[in-house]
Amino acid sequence: MSDIDLADLEFWRRPLKERNEAFARLRQLDRPVFFPERKVPFLRSGTGFYALVRHADVVEASRNAKVFSSEPAVTNPEPPGWVKHVFGESMVNMDDPRHARLRRIVSRAFSPRMLTDLQSDIEAACARIVDDVVAHGPRDFVSQVAARLPIHVICDMMGIPEAERERVHRQVDASTAYSGVRPSLWRSARMAAGNVLALLALQRLVIRLGHERARQPRGDLVSALVNANPDGERLTDRELGSFFTLLLVAGNETARNTMAHGIRLLTDHPDQRELLMSDFDAHIGNAIEEMVRYVSPIIQFRRRVTQPYNLRGLELKPGDRVVLFYGSANRDEEVFPDPDRFDITRETKPHVGFGGPGPHFCLGANLARQEIRTMFRELLTRLPGVRAVGEPELLLSNFDNGVRRQAFAF
Ligand code: HEM
């Protein structure tokens with residue numbers, strides 16, 4: 001196992017196939033392995049972590065949030081303390097009761113009624129995206145198709161005025177360009193600084209909007225979040241800013257990368273595509289779950305152990321860190337036989353691409369499913385020959401399973 005070091009950024013440069021083989025070997029071991037981390041001033045705490053690579057271990061840790069805390073942060077490497085001071089805290093990095101309070105307030109953004117109301121807008125956006133592809137010709141699936149929908153939907157949900165959207169797009173691109181894997185410390189620091197400035201500008205934008213809606217409420221989500229609900233709960237300025245950042249970070253790249261990998265999967269597996277198109281409505285639900293399992297758009301999240309706990313024979317102590325490797329859990333051969341096969345009819349236990357069961361399970365999962373379903377319906381029915389061409393250009397990251405560019409044709 002000496003050639004596998006999940007804490008070493010070099011590991012994430014290896015080809016996907018090699019990394020998958022490394023995780024398969026780690027899954028064979030009796031116990032989770034500990035990976036020490038290097039301390040990097042201002043950027044990394046250097047605590048080291050146990051890697052949870054089996055499906056059962058990821059589920060156990062996700063479910064048991066009292067023992068496996070999301071504080072101080074779920075990203076890996078753990079960000080330094082100043083990040084929290086600059087951005088305020090995001091619910092994904094909190095435990096109950098603070099997390100539960102925020103989740104109660106913002107859940108209304110994802111209620112079935114809200115999602116039904118969004119559907120006609122999502123359909124119109126998908127139709128416009130395909131119109132533009134037809135008008136300008138296919139070049140890059142990521143920028144022309146996959147990247148456009150999720151950010152449009154988030155801006156719509158939050159009521160960001162049309163005039164501001166271009167700026168939001170640019171700032172989101174600047175902030176998500178930081179992938180956690182960088183060639184040099186200097187470059188990391190430069191990217192992190194760009195990241196901070198772009199995200200702060202976005203927070204200021206939505207806080208200003210919140211002030212307007214507090215004075216003059218409309219029927220939109222920001223009005224609902226800044227004005228008290230029947231229980232008297234509302235978001236503060238800082239919480240509203242952090243929520244918007246979280247949506248942009250959690251709901252943008254993830255959905256986009258699923259679509260970008262998805263078009264390649266459908267191209268590489270013509271039998272699965274044929275089956276899907278034989279009865280789109282019957283198969284698309286399962287096909288999306290299989291895409292999310294296969295792709296695992298979020299590679300990993302971290303937890304901190306709060307009390308002594310025995311995990312599959314491993315004695316964990318308070319303060320230990322564990323990292324939940326979703327991509328590995330989703331290829332656990334005990335749960336997903338022949339895990340490298342893309343099979344839209346798979347009948348297995350739920351994957352953990354949207355997180356394991358527990359208080360932090362992805363709040364936007366149904367919205368993501370709705371976006372992906374509507375986009376693929378529009379694409380595959382209007383452009384039946386649409387397909388990925390050549391190899392994708394992948395993002396170098398230990399966090400996002402991202403696609404930078406994917407040529408396509410129809
Ligand atoms: C295919 C697309 C998506 C994937 C794979 C994905 C994945 C995840 C994962 C793994 C978590 C769990 C975090 C944890 O356990 O610590 C999560 C949480 C979250 N996701 Fe998603 N996500 C997707 C789409 C979205 C969308 C579209 C939105 C909203 C617009 C969204 C909003 C959130 C939020 C707010 C949380 C935090 C929930 C909490 O802490 O209670 N996600 N997501």
# chains A, B, ... in the order shown; residues from 1 in each chain; ligands from 1

$ residues_around --residues "Ser62 (chain A)" --least-positions-apart "4" --cutoff "8 Å" --atoms "only C-alpha atoms" --output "count of residues only"
8

$ residues_around --residues "Asn20 (chain A)" --least-positions-apart "4" --cutoff "12 Å" --atoms "only C-alpha atoms" --output "list in words"
Ile4, Leu6, Phe11, Trp12, Arg14, Pro15, Leu16, Ala24, Arg25, Leu26, Arg27, Val53, Tyr294, Val295, Ile299, Phe325, Tyr326, Gly327, Ser328, Ala329, Asn330, Arg331, Asp332, Glu333, Pro339 and Asp340 of chain A

$ write_last_selection --atoms "N, CA and C atoms" --output "mmCIF file, in the first residue's frame"
data_model
loop_
_atom_site.group_PDB
_atom_site.id
_atom_site.type_symbol
_atom_site.label_atom_id
_atom_site.label_comp_id
_atom_site.auth_asym_id
_atom_site.auth_seq_id
_atom_site.Cartn_x
_atom_site.Cartn_y
_atom_site.Cartn_z
ATOM 1 N N ILE A 4 0.177 4.236 -2.192
ATOM 2 C CA ILE A 4 -1.089 4.988 -2.126
ATOM 3 C C ILE A 4 -0.998 5.999 -0.989
ATOM 4 N N LEU A 6 -3.384 9.127 -0.037
ATOM 5 C CA LEU A 6 -4.534 9.973 -0.401
ATOM 6 C C LEU A 6 -4.349 11.424 0.040
ATOM 7 N N PHE A 11 -1.273 12.088 -5.769
ATOM 8 C CA PHE A 11 -2.167 10.949 -5.999
ATOM 9 C C PHE A 11 -3.294 11.349 -6.951
ATOM 10 N N TRP A 12 -3.792 12.592 -6.800
ATOM 11 C CA TRP A 12 -4.969 13.038 -7.570
ATOM 12 C C TRP A 12 -4.631 13.404 -9.005
ATOM 13 N N ARG A 14 -3.006 11.144 -10.791
ATOM 14 C CA ARG A 14 -2.954 9.859 -11.504
ATOM 15 C C ARG A 14 -4.221 9.653 -12.323
ATOM 16 N N PRO A 15 -4.135 8.869 -13.398
ATOM 17 C CA PRO A 15 -5.339 8.618 -14.199
ATOM 18 C C PRO A 15 -6.433 7.969 -13.347
ATOM 19 N N LEU A 16 -7.692 8.241 -13.713
ATOM 20 C CA LEU A 16 -8.839 7.784 -12.927
ATOM 21 C C LEU A 16 -8.804 6.271 -12.699
ATOM 22 N N ALA A 24 -9.904 0.306 -4.741
ATOM 23 C CA ALA A 24 -10.350 -1.094 -4.653
ATOM 24 C C ALA A 24 -9.427 -1.859 -3.698
ATOM 25 N N ARG A 25 -8.121 -1.580 -3.744
ATOM 26 C CA ARG A 25 -7.187 -2.259 -2.829
ATOM 27 C C ARG A 25 -7.440 -1.818 -1.388
ATOM 28 N N LEU A 26 -7.695 -0.528 -1.188
ATOM 29 C CA LEU A 26 -7.959 -0.044 0.182
ATOM 30 C C LEU A 26 -9.231 -0.674 0.750
ATOM 31 N N ARG A 27 -10.226 -0.917 -0.122
ATOM 32 C CA ARG A 27 -11.491 -1.520 0.359
ATOM 33 C C ARG A 27 -11.293 -2.959 0.839
ATOM 34 N N VAL A 53 -13.536 4.138 3.016
ATOM 35 C CA VAL A 53 -13.629 3.850 1.578
ATOM 36 C C VAL A 53 -14.734 2.839 1.256
ATOM 37 N N TYR A 294 -22.007 6.565 -10.614
ATOM 38 C CA TYR A 294 -20.833 6.282 -11.433
ATOM 39 C C TYR A 294 -19.842 7.455 -11.401
ATOM 40 N N VAL A 295 -20.409 8.669 -11.470
ATOM 41 C CA VAL A 295 -19.561 9.869 -11.543
ATOM 42 C C VAL A 295 -19.077 10.281 -10.140
ATOM 43 N N ILE A 299 -16.126 14.042 -4.538
ATOM 44 C CA ILE A 299 -15.257 12.900 -4.284
ATOM 45 C C ILE A 299 -15.217 12.563 -2.787
ATOM 46 N N PHE A 325 -15.016 8.896 1.503
ATOM 47 C CA PHE A 325 -14.735 8.889 0.059
ATOM 48 C C PHE A 325 -15.951 8.337 -0.690
ATOM 49 N N TYR A 326 -16.810 9.271 -1.137
ATOM 50 C CA TYR A 326 -18.078 8.876 -1.772
ATOM 51 C C TYR A 326 -17.842 8.070 -3.052
ATOM 52 N N GLY A 327 -16.842 8.494 -3.823
ATOM 53 C CA GLY A 327 -16.574 7.810 -5.096
ATOM 54 C C GLY A 327 -16.181 6.359 -4.858
ATOM 55 N N SER A 328 -15.425 6.113 -3.797
ATOM 56 C CA SER A 328 -15.010 4.749 -3.486
ATOM 57 C C SER A 328 -16.193 3.938 -2.960
ATOM 58 N N ALA A 329 -16.983 4.535 -2.054
ATOM 59 C CA ALA A 329 -18.163 3.835 -1.518
ATOM 60 C C ALA A 329 -19.112 3.448 -2.654
ATOM 61 N N ASN A 330 -19.205 4.314 -3.657
ATOM 62 C CA ASN A 330 -20.111 4.059 -4.790
ATOM 63 C C ASN A 330 -19.563 3.002 -5.751
ATOM 64 N N ARG A 331 -18.331 2.545 -5.495
ATOM 65 C CA ARG A 331 -17.781 1.455 -6.308
ATOM 66 C C ARG A 331 -17.479 0.237 -5.426
ATOM 67 N N ASP A 332 -18.105 0.222 -4.242
ATOM 68 C CA ASP A 332 -17.892 -0.913 -3.331
ATOM 69 C C ASP A 332 -18.577 -2.144 -3.933
ATOM 70 N N GLU A 333 -17.742 -3.142 -4.285
ATOM 71 C CA GLU A 333 -18.282 -4.299 -5.014
ATOM 72 C C GLU A 333 -19.242 -5.138 -4.167
ATOM 73 N N PRO A 339 -18.848 -2.914 -10.330
ATOM 74 C CA PRO A 339 -19.140 -1.484 -10.133
ATOM 75 C C PRO A 339 -18.716 -0.575 -11.276
ATOM 76 N N ASP A 340 -17.764 -1.032 -12.125
ATOM 77 C CA ASP A 340 -17.328 -0.156 -13.220
ATOM 78 C C ASP A 340 -18.265 -0.239 -14.422
#

$ select_by_dssp --residues "region 57-290 of chain A" --states "alpha helix (DSSP H)" --output "PyMOL selection string"
chain A and resi 57-63+82-87+98-106+112-136+141+148-158+162-176+185-215+221-226+237-250+253-268+270-278+280-290

$ select_by_dssp --residues "region 194-395 of chain A" --states "strand (DSSP E)" --output "PyMOL selection string"
chain A and resi 300-305+309-311+314-316+321-325+387-388+393-394

$ atom_distance --atom1 "CA of His269 (chain A)" --atom2 "CA of Ala56 (chain A)"
28.9 Å
